[in-house]
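Visitor: Here's a structure for you.
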Amino acid sequence: MTNRPVLITGFEPYGGRGTNPSHEVMKRLHGRTIHGRSVIGRGLPVSFARFPEIAAELIGELNPSTVISLGLWPGESMIRIERIGVNIADFGIPDNDGLLAVDEPVHRDGAAALMSTLPTRAIERAMLSEGIPASLSATAGTYLCNICLYSFLQAAQHHSEPVACGFIHVPYMPEQVAELLVAVRDQASVEMHQRCDFASMDLDRIVRAVEIAVSQ
């Protein structure tokens with residue numbers, strides 16, 4: 001068994017949200033040992049300008065055997081195990097630097113797409129066997145989560161040792177949905193049934209899902 005660590009990343013809050021469940025999960029797992037594997041957590045900025053360099057820097061600094069990056073997918077009801085990162089940045093909202101990328105490449109000399117090198121099917125089956133709703137996904141979007149996945153996969157190709165990389169999208173936490181419900185009621189600008197982003201999952205279950213991913 002390798003003594004190289006597992007790197008777990010989670011994004012800072014973005015889009016006016018006060019918290020990001022991916023960052024909370026990362027903090028929970030930092031410093032843990034899971035299935036004999038030491039875990040290092042790192043927070044990531046929601047900043048296109050910092051990628052792909054930040055991915056290469058973290059892999060070079062930590063020499064992880066595995067990178068599992070986490071991000072929020074608002075409105076998702078289950079764990080999404082991403083299978084592909086694409087070489088395009090096309091934002092629906094600005095990043096935390098105020099940049100609104102439109103049809104830009106993640107890396108000008110990169111491949112059109114890169115596949116996750118995690119055992120995605122095994123991870124899905126293991127999560128489902130523990131009663132955690134999970135599914136494989138063929139799109140990580142075109143925002144920072146996709147940029148993160150693509151950048152780590154690309155950086156891993158140039159590292160001196162093999163690095164398995166992948167990305168997992170997680171739902172809102174219930175308390176975030178409660179805040180959304182209050183905001184929708186108070187603003188009275190849209191009917192409740194017109195919103196489709198009220199799904200959530202408790203943080204302990206999300207943490208357990210990522211523990212399972214680390215163990216595969």
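Labeling convention for the structure tokens: chains A, B, ... as they appear, residues from 1 per chain, ligands from 1 in order of appearance.
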Using DSSP secondary structure from the backbone, list all alpha helix (DSSP H) positions within chain A, as number ranges by chain.
Guide: A: 21-29, 53-62, 120-129, 144-157, 174-187, 203-215
Visitor: Show me, as a PyMOL selection string, the residues that have an atom within 10 Å of region 139-142 of chain A when counting only C-alpha atoms, minus same-chain residues fewer than 2 positions from it.
Guide: chain A and resi 71+73+80-92+101-104+106+136-137+144-150+167-169
Visitor: I want to know what sits within 10 Å of Ala122 (chain A), based on only C-alpha atoms, with residues of the same chain fewer than 4 positions away left out; could you give that as a list in words?
Guide: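 Residues meeting the cut-off are Leu118, Ala126, Met127, Leu128, Ile212, Ala213 and Gln216 of chain A.
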Visitor: So how many Å separate CA of Ser77 (chain A) and CA of Arg125 (chain A), to one decimal?
Guide: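 Computing it gives 17.1 Å between the two atoms.
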Visitor: Of the residues A:Leu29, A:Leu44, A:Leu99, A:Ala164, which is the one nearest to Arg4 (chain A), using only C-alpha atoms?
Guide: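 Looking at the shortest contact to Arg4 (chain A), the residue is A:Ala164.
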Visitor: Using only C-alpha atoms for the distances, tell me which of A:Val46, A:Val163, A:Leu7, A:Val177 is nearest to Lys27 (chain A).
Guide: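 So, comparing all the options, the nearest one is A:Leu7.
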Visitor: How would you write, as a ChimeraX atom specification, the set of residues in region 33-164 of chain A that DSSP gives as strand (DSSP E or B)?
Guide: /A:33-34,37-44,66-72,79-82,84-86,89,104,113-115,134-137,164
Visitor: For a quick check of understanding, using only C-alpha atoms, which of A:Met78, A:Val184, A:Leu70, A:Ala56 has the smallest distance to Ile132 (chain A)?
Guide: A:Met78
Visitor: Could you pull the residues within 12 Å of Gln157 (chain A), counting only C-alpha atoms, minus those fewer than 2 positions along the same chain, as a list in words?
Guide: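 Close residues of Gln157 (chain A): Ala55, Ala56, Ile59, Gly60, Gly110, Ala111, Leu114, Met115, Ser116, Thr117, Tyr150, Ser151, Phe152, Leu153, Gln154, Ala155, His159, Ser160, Glu161, Pro162, Val163, Ala164 and Cys165 of chain A.
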Visitor: Just the number, please: distance in Å from CA of Glu124 (chain A) to CA of Ile68 (chain A), one decimal.
Guide: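 Computing the Euclidean distance for CA of Glu124 (chain A) and CA of Ile68 (chain A) yields 14.0 Å.
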Visitor: Excluding region 34-38 of chain A and residues on its chain fewer than 6 positions from it, collect all residues at most 12 Å away from it, counting only C-alpha atoms, and give them as a PyMOL selection string.
Guide: chain A and resi 1-8+62+64-66+207-208+210-216
Visitor: For Pro21 (chain A), work out the shell of residues within 8 Å, counting only C-alpha atoms and skipping chain neighbours fewer than 4 positions away, then give it as a PDB file with C-alpha atoms, in the first residue's frame.
Guide:
```pdb
ATOM      1  CA  VAL A  25     -16.335  18.150   3.820  1.00  0.00           C
ATOM      2  CA  GLY A  71     -17.744  20.910  -5.569  1.00  0.00           C
ATOM      3  CA  LEU A  72     -21.343  22.024  -5.124  1.00  0.00           C
ATOM      4  CA  VAL A 170     -22.300  17.231  -3.774  1.00  0.00           C
ATOM      5  CA  PRO A 171     -25.748  18.680  -2.949  1.00  0.00           C
ATOM      6  CA  TYR A 172     -26.662  21.596  -0.744  1.00  0.00           C
ATOM      7  CA  MET A 173     -26.745  20.998   2.996  1.00  0.00           C
ATOM      8  CA  LEU A 203     -23.211  16.813   5.820  1.00  0.00           C
TER       9      LEU A 203
END
```
Visitor: Go through A:Ala209, A:Arg50, A:Leu180, A:Thr33 and flag the residue nearest Met192 (chain A), using only C-alpha atoms for the distances.
Guide: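 Distance minimum relative to Met192 (chain A) lands on A:Leu180.
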Visitor: Would you work out the distance separating CA of Pro45 (chain A) from CA of Asn63 (chain A), expressed in Å to one decimal?
Guide: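 Computing the Euclidean distance for CA of Pro45 (chain A) and CA of Asn63 (chain A) yields 20.4 Å.
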Visitor: Restricting the calculation to only C-alpha atoms, which member of A:Ile54, A:Pro174, A:Asp186, A:His30 is positioned closest to Asp204 (chain A)?
Guide: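 The answer is A:Pro174, which sits nearest to Asp204 (chain A).
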Visitor: So that I can check the surroundings of Asp97 (chain A), please list as a PyMOL selection string every protein, DNA and RNA residue that reaches within 9 Å of it, counting only C-alpha atoms and ignoring chain neighbours fewer than 5 positions away.
Guide: chain A and resi 46-49
Visitor: Save out the residues we just selected, N, CA and C atoms, as a PDB file, in the first residue's frame.
Guide:
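Saved result, selection_14.pdb, follows:
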```
ATOM      1  N   VAL A  46     -12.387  30.061  -6.026  1.00  0.00           N
ATOM      2  CA  VAL A  46     -13.261  30.053  -7.201  1.00  0.00           C
ATOM      3  C   VAL A  46     -12.724  31.125  -8.145  1.00  0.00           C
ATOM      4  N   SER A  47     -11.622  30.769  -8.807  1.00  0.00           N
ATOM      5  CA  SER A  47     -10.856  31.733  -9.587  1.00  0.00           C
ATOM      6  C   SER A  47     -10.265  31.052 -10.812  1.00  0.00           C
ATOM      7  N   PHE A  48     -10.748  31.396 -11.983  1.00  0.00           N
ATOM      8  CA  PHE A  48     -10.221  30.830 -13.221  1.00  0.00           C
ATOM      9  C   PHE A  48      -8.739  31.150 -13.380  1.00  0.00           C
ATOM     10  N   ALA A  49      -8.323  32.338 -12.972  1.00  0.00           N
ATOM     11  CA  ALA A  49      -6.941  32.765 -13.148  1.00  0.00           C
ATOM     12  C   ALA A  49      -5.948  31.889 -12.400  1.00  0.00           C
TER      13      ALA A  49
END
```
